[in-house]
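The file target18.cif comes next; it holds mmCIF, C-alpha atoms and all ligand atoms.
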```cif
data_data
#
loop_
_atom_site.label_atom_id
_atom_site.label_comp_id
_atom_site.auth_asym_id
_atom_site.auth_seq_id
_atom_site.Cartn_x
_atom_site.Cartn_y
_atom_site.Cartn_z
CA MET A 1 -199.59 19.16 80.47
CA ILE A 2 -196.97 18.87 77.78
CA ILE A 3 -198.05 16.71 74.82
CA LEU A 4 -195.27 14.26 74.15
CA ASP A 5 -196.66 12.61 71.00
CA GLU A 6 -198.16 15.47 69.00
CA GLU A 7 -198.74 13.44 65.86
CA LYS A 8 -201.02 11.04 67.70
CA TYR A 9 -202.67 13.95 69.53
CA ALA A 10 -203.38 15.78 66.23
CA GLN A 11 -205.01 12.68 64.78
CA GLU A 12 -207.16 12.37 67.88
CA ILE A 13 -208.32 16.01 67.67
CA LEU A 14 -209.25 15.55 64.02
CA GLY A 15 -211.38 12.56 64.99
CA ARG A 16 -213.21 14.46 67.74
CA LYS A 17 -215.96 17.05 67.51
CA SER A 18 -214.62 19.23 70.31
CA PHE A 19 -214.41 23.01 70.56
CA PRO A 20 -211.42 24.51 68.66
CA LYS A 21 -209.11 25.47 71.53
CA LEU A 22 -205.97 27.49 70.77
CA LYS A 23 -203.75 24.74 72.16
CA ASN A 24 -205.26 22.26 69.72
CA LEU A 25 -205.05 24.65 66.77
CA ILE A 26 -201.32 25.04 67.43
CA VAL A 27 -200.77 21.28 67.32
CA LEU A 28 -202.90 21.04 64.17
CA ALA A 29 -200.97 23.84 62.43
CA LYS A 30 -197.72 21.96 63.14
CA TYR A 31 -199.32 18.72 62.01
CA TYR A 32 -200.46 20.19 58.68
CA LYS A 33 -197.01 21.65 58.17
CA HIS A 34 -195.53 18.24 58.90
CA LEU A 35 -197.81 16.80 56.19
CA GLY A 36 -196.27 19.27 53.73
CA LYS A 37 -199.02 21.90 53.56
CA ASN A 38 -197.97 25.51 52.90
CA GLN A 39 -199.09 28.47 54.99
CA ILE A 40 -202.21 29.24 52.93
CA GLU A 41 -203.28 25.61 52.95
CA ILE A 42 -202.73 25.40 56.70
CA LYS A 43 -204.82 28.53 57.20
CA ASN A 44 -207.66 27.14 55.08
CA SER A 45 -207.59 23.79 56.87
CA LEU A 46 -207.72 25.50 60.26
CA TYR A 47 -210.63 27.70 59.13
CA SER A 48 -212.69 24.73 58.02
CA PHE A 49 -211.73 22.82 61.19
CA CYS A 50 -213.07 25.68 63.33
CA LYS A 51 -216.24 26.16 61.28
CA GLU A 52 -217.06 22.47 61.37
CA ARG A 53 -216.74 22.33 65.13
CA GLU A 54 -218.37 25.58 66.13
CA SER A 55 -221.35 26.72 64.07
CA THR A 56 -221.13 30.29 65.34
CA TRP A 57 -217.42 30.54 64.57
CA ASN A 58 -216.44 33.47 62.39
CA GLU A 59 -213.24 34.92 61.02
CA ILE A 60 -213.51 38.28 62.76
CA ILE A 61 -213.64 36.82 66.23
CA GLY A 62 -211.58 33.68 65.74
CA SER A 63 -208.80 34.50 63.29
CA TRP A 64 -206.35 35.63 66.00
CA LYS A 65 -206.13 32.04 67.20
CA ILE A 66 -205.31 30.83 63.71
CA LYS A 67 -202.68 33.54 63.34
CA ILE A 68 -200.98 32.46 66.59
CA ALA A 69 -201.19 28.79 65.61
CA ILE A 70 -199.48 29.45 62.29
CA GLU A 71 -196.79 31.59 63.92
CA GLU A 72 -196.12 28.80 66.40
CA SER A 73 -195.77 26.29 63.55
CA GLU A 74 -192.99 28.54 62.20
CA ARG A 75 -191.16 28.28 65.53
CA ASN A 76 -191.59 24.62 66.43
CA ARG A 77 -191.83 21.37 64.54
CA LEU A 78 -194.46 18.76 65.32
CA ARG A 79 -193.15 16.58 68.12
CA ILE A 80 -192.96 12.98 66.94
CA PRO A 81 -191.24 11.09 69.71
CA ASN A 82 -188.41 8.66 69.31
CA PRO A 83 -188.16 5.83 71.83
CA THR A 84 -186.23 6.94 74.92
CA PRO A 85 -183.48 4.54 76.01
CA ILE A 86 -182.99 4.03 79.75
CA THR A 87 -179.67 2.54 80.84
CA LYS A 88 -178.75 -0.05 83.47
CA LYS A 89 -176.85 2.45 85.60
CA GLU A 90 -179.84 4.80 85.57
CA ILE A 91 -182.14 1.99 86.71
CA SER A 92 -179.77 1.01 89.50
CA GLU A 93 -179.66 4.64 90.68
CA ILE A 94 -183.46 4.69 90.72
CA ARG A 95 -183.61 1.41 92.65
CA LYS A 96 -181.38 2.92 95.33
CA ALA A 97 -184.27 5.21 96.32
CA GLY A 98 -185.69 2.09 97.95
CA ASP A 99 -189.28 3.27 97.82
CA TYR A 100 -191.63 2.23 95.02
CA SER A 101 -193.45 5.59 94.77
CA LYS A 102 -190.19 7.51 94.67
CA GLU A 103 -188.75 5.10 92.12
CA LYS A 104 -191.71 5.67 89.83
CA ILE A 105 -191.39 9.44 90.16
CA LEU A 106 -187.66 9.27 89.40
CA PHE A 107 -188.32 7.07 86.37
CA VAL A 108 -190.86 9.56 84.97
CA LEU A 109 -188.53 12.50 85.63
CA LEU A 110 -185.72 10.70 83.84
CA VAL A 111 -187.88 9.85 80.81
CA PHE A 112 -189.12 13.45 80.56
CA ALA A 113 -185.63 14.91 80.83
CA LYS A 114 -184.15 12.61 78.21
CA PHE A 115 -187.19 12.93 75.99
CA LEU A 116 -187.04 16.72 75.89
CA LYS A 117 -183.32 16.64 75.22
CA TYR A 118 -183.56 14.20 72.31
CA ASN A 119 -186.78 15.51 70.80
CA ASN A 120 -186.03 19.19 70.51
CA THR A 121 -188.57 20.79 68.16
CA ARG A 122 -187.15 24.32 67.93
CA ILE A 123 -186.78 25.54 64.38
CA LYS A 124 -184.95 28.73 65.38
CA VAL A 125 -182.20 28.93 67.98
CA ASP A 126 -183.40 28.82 71.57
CA LYS A 127 -182.73 32.12 73.31
CA THR A 128 -183.39 31.02 76.89
CA PRO A 129 -180.07 30.49 78.66
CA ARG A 130 -179.40 26.81 79.16
CA ILE A 131 -176.38 25.10 80.58
CA ILE A 132 -175.23 22.68 77.90
CA GLY A 133 -175.20 19.04 78.93
CA LYS A 134 -177.86 19.40 81.62
CA TYR A 135 -181.12 17.48 81.58
CA TYR A 136 -184.18 19.59 82.34
CA VAL A 137 -187.81 18.84 83.11
CA ASN A 138 -190.21 21.74 82.57
CA GLU A 139 -193.32 19.84 83.54
CA SER A 140 -194.88 20.69 86.93
CA PHE A 141 -194.14 18.28 89.77
CA ILE A 142 -197.85 17.65 90.26
CA ASN A 143 -198.14 16.40 86.66
CA ILE A 144 -195.00 14.28 87.02
CA LEU A 145 -196.69 12.53 89.94
CA LYS A 146 -199.78 11.98 87.81
CA TYR A 147 -197.66 10.29 85.15
CA ALA A 148 -196.07 8.21 87.92
CA ASN A 149 -199.49 7.13 89.23
CA VAL A 150 -198.58 8.44 92.68
CA ARG A 151 -201.37 10.04 94.70
CA SER A 152 -200.33 12.83 97.04
CA ASN A 153 -201.39 16.04 98.71
CA LYS A 154 -199.38 19.26 98.68
CA LYS A 155 -197.56 18.45 101.91
CA GLN A 156 -196.54 14.98 100.72
CA ARG A 157 -195.33 16.40 97.40
CA ASP A 158 -193.16 18.93 99.18
CA VAL A 159 -191.63 16.18 101.33
CA ILE A 160 -190.91 13.95 98.30
CA MET A 161 -189.44 16.87 96.35
CA HIS A 162 -187.22 17.79 99.27
CA GLU A 163 -186.00 14.21 99.77
CA LEU A 164 -185.17 13.75 96.08
CA TYR A 165 -183.25 16.99 96.26
CA SER A 166 -181.31 16.14 99.43
CA ASP A 167 -180.54 12.63 98.12
CA GLY A 168 -178.87 14.29 95.13
CA TYR A 169 -181.29 13.09 92.45
CA ILE A 170 -182.51 16.51 91.35
CA ASP A 171 -181.68 20.19 91.44
CA GLY A 172 -183.85 23.25 91.02
CA THR A 173 -183.30 26.22 88.73
CA ILE A 174 -184.32 29.85 88.93
CA TYR A 175 -186.68 29.13 86.00
CA ASN A 176 -188.60 26.72 88.21
CA SER A 177 -187.61 23.69 86.17
CA ILE A 178 -186.05 20.53 87.58
CA ILE A 179 -182.56 19.34 86.67
CA VAL A 180 -182.23 15.55 86.61
CA LYS A 181 -178.82 14.50 87.93
CA PHE A 182 -178.80 10.75 87.40
CA VAL A 183 -178.44 10.48 83.63
CA TYR A 184 -175.82 7.92 82.52
CA ASP A 185 -176.11 7.72 78.76
CA GLU A 186 -172.88 5.75 78.32
CA SER A 187 -174.11 2.73 80.33
CA PRO A 188 -175.71 -0.21 78.41
CA VAL A 189 -179.41 0.18 77.58
CA ALA A 190 -181.79 -1.67 79.91
CA LEU A 191 -185.12 -0.78 78.34
CA SER A 192 -186.69 1.63 75.93
CA VAL A 193 -189.78 3.78 76.47
CA SER A 194 -192.07 4.38 73.50
CA ASP A 195 -195.59 4.44 74.95
CA TYR A 196 -195.66 7.97 76.34
CA ASP A 197 -199.23 7.67 77.62
CA ASN A 198 -198.12 4.97 80.04
CA ILE A 199 -194.53 5.85 80.87
CA VAL A 200 -194.48 4.30 84.30
CA LEU A 201 -195.71 0.93 83.03
CA ALA A 202 -192.40 0.52 81.20
CA TYR A 203 -190.73 0.59 84.61
CA ASP A 204 -193.26 -1.88 86.03
CA LYS A 205 -192.66 -4.16 83.07
CA TYR A 206 -188.93 -4.03 83.70
CA LEU A 207 -189.54 -4.94 87.36
CA GLY A 208 -191.39 -8.04 86.16
CA LYS A 209 -194.91 -6.88 87.04
CA ASN A 210 -197.84 -8.15 85.04
CA ILE A 211 -197.68 -5.72 82.12
CA GLU A 212 -198.62 -6.62 78.58
CA GLU A 213 -197.48 -4.87 75.41
CA CYS A 214 -200.09 -4.68 72.68
CA GLU A 215 -199.23 -5.15 68.99
CA CYS A 216 -199.73 -1.38 68.59
CA GLY A 217 -197.02 -0.69 71.20
CA LYS A 218 -199.35 0.37 74.01
CA LEU A 219 -198.64 -0.96 77.52
CA PHE A 220 -201.40 -2.05 79.86
CA VAL A 221 -201.85 -3.86 83.16
CA LYS A 222 -202.71 -7.46 82.40
CA LYS A 223 -205.75 -8.57 84.38
CA THR A 224 -207.22 -11.26 82.15
CA LYS A 225 -205.81 -13.34 79.31
CA ARG A 226 -206.26 -10.35 77.04
CA TYR A 227 -203.25 -9.62 74.86
CA LEU A 228 -204.63 -6.52 73.08
CA CYS A 229 -205.12 -3.02 74.51
CA THR A 230 -208.66 -1.66 74.94
CA ASP A 231 -208.61 0.23 71.63
CA CYS A 232 -207.29 -2.65 69.57
CA GLN A 233 -209.66 -5.04 71.36
CA LYS A 234 -212.61 -2.85 70.32
CA GLU A 235 -211.31 -2.63 66.78
CA LYS A 236 -210.88 -6.40 66.61
CA ARG A 237 -214.38 -7.05 67.95
CA LEU A 238 -215.81 -4.73 65.32
CA GLU A 239 -213.86 -6.49 62.61
CA ASP A 240 -214.99 -9.93 63.83
CA TYR A 241 -218.55 -8.68 63.77
CA ARG A 242 -218.20 -7.42 60.19
CA ASP A 243 -216.58 -10.70 59.15
CA ASN A 244 -219.41 -12.69 60.67
CA LYS A 245 -221.99 -10.57 58.93
CA ARG A 246 -220.22 -10.99 55.62
CA ARG A 247 -219.95 -14.74 56.13
CA ASN A 248 -223.63 -15.04 57.04
CA ARG A 249 -224.61 -13.09 53.97
CA ALA A 250 -222.43 -15.29 51.81
CA ASN A 251 -223.98 -18.42 53.34
CA MET A 252 -227.46 -17.14 52.74
CA SER A 253 -226.83 -16.40 49.08
CA THR A 254 -225.51 -19.95 48.46
CA ASP A 255 -228.52 -21.58 50.14
ZN ZN B 301 -203.26 -1.81 70.91
#
```

Write the structure described by the file as structure tokens, please.
Amino acid sequence: MIILDEEKYAQEILGRKSFPKLKNLIVLAKYYKHLGKNQIEIKNSLYSFCKERESTWNEIIGSWKIKIAIEESERNRLRIPNPTPITKKEISEIRKAGDYSKEKILFVLLVFAKFLKYNNTRIKVDKTPRIIGKYYVNESFINILKYANVRSNKKQRDVIMHELYSDGYIDGTIYNSIIVKFVYDESPVALSVSDYDNIVLAYDKYLGKNIEECECGKLFVKKTKRYLCTDCQKEKRLEDYRDNKRRNRANMSTD
């Protein structure tokens, strides 16, 4: 799956104790470069990251991964996403599908296509032939459906794909990517997507469903009176606990 917010992802990897996978080393190399580290510093940071996480790690066996990660950081910048604006005309095109599952899939496709267009990370010129002005999605259809929270089997996916195609929403390419054909950038903005972990909730929120936006920008389905997301809620509870402890200690010392 494509990582839309690589800055956040890099910070998560650094906080975890997981095995140093190549994919993660690539994001980290780009992250360190983004922080202003030079190539030698990046290399050193990646070495210590690997050693810390895998006791048996050694340069002879593992340095090829670091080499690739650094090379990749020379080709692509760290992807720090901008909010993606979705326009009124685009929403009305999506609504025309008249089927909630399809609408969600179309919404996710649209966000991906616009996102990739506006958040190009290439440092050097892209050599793959692209038709200028088109909006592409390179993510697999199965992952798009995951983002859309739509459950399906292979047969159902094929049917949906075919219907979106025959209704003129999408086109295919010989590179196996999807062209999104309902982009109307010039129409007024209806909403903006910035929580890329919960793309489809932005659509639900627009439809007036019970979606809450946390102070940190994360969207979540509102079930109770809670106004903070799970992470912030945990953080707040911890802080309250520390506050209480501090207060109790202060009370005790004045007694
Ligand atoms: Zn939050």

_Test item: residues no farther than 7 Å from ligand ZN 301 (chain B), counting all atoms listed in the file, as a count of residues only_ = 10

*Minimum-distance residue to A:Phe112, chosen among A:Glu41, A:Glu139, A:Glu212, A:Asp99 (using only C-alpha atoms)*: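 Looking at the shortest contact to A:Phe112, the residue is A:Glu139.
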
_I need the residue nearest A:Tyr135 from this list: A:Arg16, A:Arg77, A:Lys23, A:Lys181. Use all atoms listed in the file for the distance._
A:Lys181

_Counting all atoms listed in the file, which residue out of A:Ile105, A:Ala10, A:Ile70, A:Ile179 sits closest to A:Lys117?_
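Ranking A:Ile105, A:Ala10, A:Ile70, A:Ile179 by distance to A:Lys117, first place goes to A:Ile179.
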
_Near-stretch 186-196 of chain A list (12 Å; all atoms listed in the file; drop same-chain fewer than 4 positions) as a PyMOL selection string_ = chain A and resi 2-6+8-9+80-93+107-108+110-112+114-115+147-148+182+200-207+213-220

*asked:* I'd like the interatomic distance between atom CA of A:Glu72 and atom CA of A:Ile123, to a tenth of an Å.
replied: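 Answer for the atom CA of A:Glu72 to atom CA of A:Ile123 separation: 10.1 Å.
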
*Closest of A:Val159, A:Val150, A:Ile42, A:Val183 to A:Lys67 - atom-to-atom distances counting only C-alpha atoms*: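 That would be A:Ile42, the residue with the smallest distance to A:Lys67.
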
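Across the model, the gap from atom CA of A:Asn143 to atom CA of A:Glu71 is 27.4 Å.
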
Residues around (-178.2, 17.3, 92.4), cut-off 10 Å, counting all atoms listed in the file - what are they as a PDB file with C-alpha atoms, in the frame of the given file?
```
ATOM      1  CA  LEU A 164    -185.170  13.750  96.080  1.00  0.00           C
ATOM      2  CA  TYR A 165    -183.250  16.990  96.260  1.00  0.00           C
ATOM      3  CA  SER A 166    -181.310  16.140  99.430  1.00  0.00           C
ATOM      4  CA  ASP A 167    -180.540  12.630  98.120  1.00  0.00           C
ATOM      5  CA  GLY A 168    -178.870  14.290  95.130  1.00  0.00           C
ATOM      6  CA  TYR A 169    -181.290  13.090  92.450  1.00  0.00           C
ATOM      7  CA  ILE A 170    -182.510  16.510  91.350  1.00  0.00           C
ATOM      8  CA  ASP A 171    -181.680  20.190  91.440  1.00  0.00           C
ATOM      9  CA  GLY A 172    -183.850  23.250  91.020  1.00  0.00           C
ATOM     10  CA  ILE A 178    -186.050  20.530  87.580  1.00  0.00           C
ATOM     11  CA  ILE A 179    -182.560  19.340  86.670  1.00  0.00           C
ATOM     12  CA  VAL A 180    -182.230  15.550  86.610  1.00  0.00           C
ATOM     13  CA  LYS A 181    -178.820  14.500  87.930  1.00  0.00           C
ATOM     14  CA  PHE A 182    -178.800  10.750  87.400  1.00  0.00           C
TER      15      PHE A 182
END
```

_Among the residues A:Ser73, A:Asn198, A:Gln233, A:Asn176, the one that comes closest to A:Val221 [using only C-alpha atoms]_ = A:Asn198

*atom CA of A:Phe141 to atom CA of A:Lys154, distance in Å rounded to a single decimal*: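 Computed distance, atom CA of A:Phe141 to atom CA of A:Lys154, equals 10.4 Å.
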
Would you mind completing stretch 50-68 of chain A so that it carries N, CA and C atoms, and writing it out as a PDB file, keeping the file's coordinate frame?
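Final file, rebuild.pdb:
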```pdb
ATOM      1  N   CYS A  50    -212.334  24.868  62.350  1.00  0.00           N
ATOM      2  CA  CYS A  50    -213.070  25.680  63.330  1.00  0.00           C
ATOM      3  C   CYS A  50    -214.546  25.768  62.981  1.00  0.00           C
ATOM      4  N   LYS A  51    -214.841  26.017  61.709  1.00  0.00           N
ATOM      5  CA  LYS A  51    -216.240  26.160  61.280  1.00  0.00           C
ATOM      6  C   LYS A  51    -217.023  24.879  61.492  1.00  0.00           C
ATOM      7  N   GLU A  52    -216.380  23.759  61.198  1.00  0.00           N
ATOM      8  CA  GLU A  52    -217.060  22.470  61.370  1.00  0.00           C
ATOM      9  C   GLU A  52    -217.409  22.197  62.829  1.00  0.00           C
ATOM     10  N   ARG A  53    -216.556  22.683  63.726  1.00  0.00           N
ATOM     11  CA  ARG A  53    -216.740  22.330  65.130  1.00  0.00           C
ATOM     12  C   ARG A  53    -217.535  23.357  65.930  1.00  0.00           C
ATOM     13  N   GLU A  54    -217.632  24.554  65.404  1.00  0.00           N
ATOM     14  CA  GLU A  54    -218.370  25.580  66.130  1.00  0.00           C
ATOM     15  C   GLU A  54    -219.191  26.373  65.131  1.00  0.00           C
ATOM     16  N   SER A  55    -220.497  26.145  65.122  1.00  0.00           N
ATOM     17  CA  SER A  55    -221.350  26.720  64.070  1.00  0.00           C
ATOM     18  C   SER A  55    -221.317  28.246  64.077  1.00  0.00           C
ATOM     19  N   THR A  56    -221.122  28.823  65.259  1.00  0.00           N
ATOM     20  CA  THR A  56    -221.130  30.290  65.340  1.00  0.00           C
ATOM     21  C   THR A  56    -219.751  30.894  65.092  1.00  0.00           C
ATOM     22  N   TRP A  57    -218.793  30.057  64.755  1.00  0.00           N
ATOM     23  CA  TRP A  57    -217.420  30.540  64.570  1.00  0.00           C
ATOM     24  C   TRP A  57    -217.348  31.497  63.393  1.00  0.00           C
ATOM     25  N   ASN A  58    -216.673  32.602  63.562  1.00  0.00           N
ATOM     26  CA  ASN A  58    -216.440  33.470  62.390  1.00  0.00           C
ATOM     27  C   ASN A  58    -215.048  34.081  62.429  1.00  0.00           C
ATOM     28  N   GLU A  59    -214.606  34.443  61.229  1.00  0.00           N
ATOM     29  CA  GLU A  59    -213.240  34.920  61.020  1.00  0.00           C
ATOM     30  C   GLU A  59    -212.864  36.107  61.899  1.00  0.00           C
ATOM     31  N   ILE A  60    -213.815  37.035  62.047  1.00  0.00           N
ATOM     32  CA  ILE A  60    -213.510  38.280  62.760  1.00  0.00           C
ATOM     33  C   ILE A  60    -213.135  37.996  64.213  1.00  0.00           C
ATOM     34  N   ILE A  61    -213.890  37.115  64.821  1.00  0.00           N
ATOM     35  CA  ILE A  61    -213.640  36.820  66.230  1.00  0.00           C
ATOM     36  C   ILE A  61    -212.534  35.778  66.422  1.00  0.00           C
ATOM     37  N   GLY A  62    -212.464  34.820  65.496  1.00  0.00           N
ATOM     38  CA  GLY A  62    -211.580  33.680  65.740  1.00  0.00           C
ATOM     39  C   GLY A  62    -210.233  33.681  65.023  1.00  0.00           C
ATOM     40  N   SER A  63    -210.012  34.629  64.115  1.00  0.00           N
ATOM     41  CA  SER A  63    -208.800  34.500  63.290  1.00  0.00           C
ATOM     42  C   SER A  63    -207.510  34.737  64.070  1.00  0.00           C
ATOM     43  N   TRP A  64    -207.586  35.411  65.214  1.00  0.00           N
ATOM     44  CA  TRP A  64    -206.350  35.630  66.000  1.00  0.00           C
ATOM     45  C   TRP A  64    -205.751  34.312  66.458  1.00  0.00           C
ATOM     46  N   LYS A  65    -206.633  33.352  66.765  1.00  0.00           N
ATOM     47  CA  LYS A  65    -206.130  32.040  67.200  1.00  0.00           C
ATOM     48  C   LYS A  65    -205.373  31.348  66.060  1.00  0.00           C
ATOM     49  N   ILE A  66    -205.938  31.466  64.870  1.00  0.00           N
ATOM     50  CA  ILE A  66    -205.310  30.830  63.710  1.00  0.00           C
ATOM     51  C   ILE A  66    -203.964  31.480  63.406  1.00  0.00           C
ATOM     52  N   LYS A  67    -203.935  32.798  63.580  1.00  0.00           N
ATOM     53  CA  LYS A  67    -202.680  33.540  63.340  1.00  0.00           C
ATOM     54  C   LYS A  67    -201.596  33.031  64.306  1.00  0.00           C
ATOM     55  N   ILE A  68    -201.940  32.932  65.583  1.00  0.00           N
ATOM     56  CA  ILE A  68    -200.980  32.460  66.590  1.00  0.00           C
ATOM     57  C   ILE A  68    -200.544  31.025  66.281  1.00  0.00           C
TER      58      ILE A  68
END
```
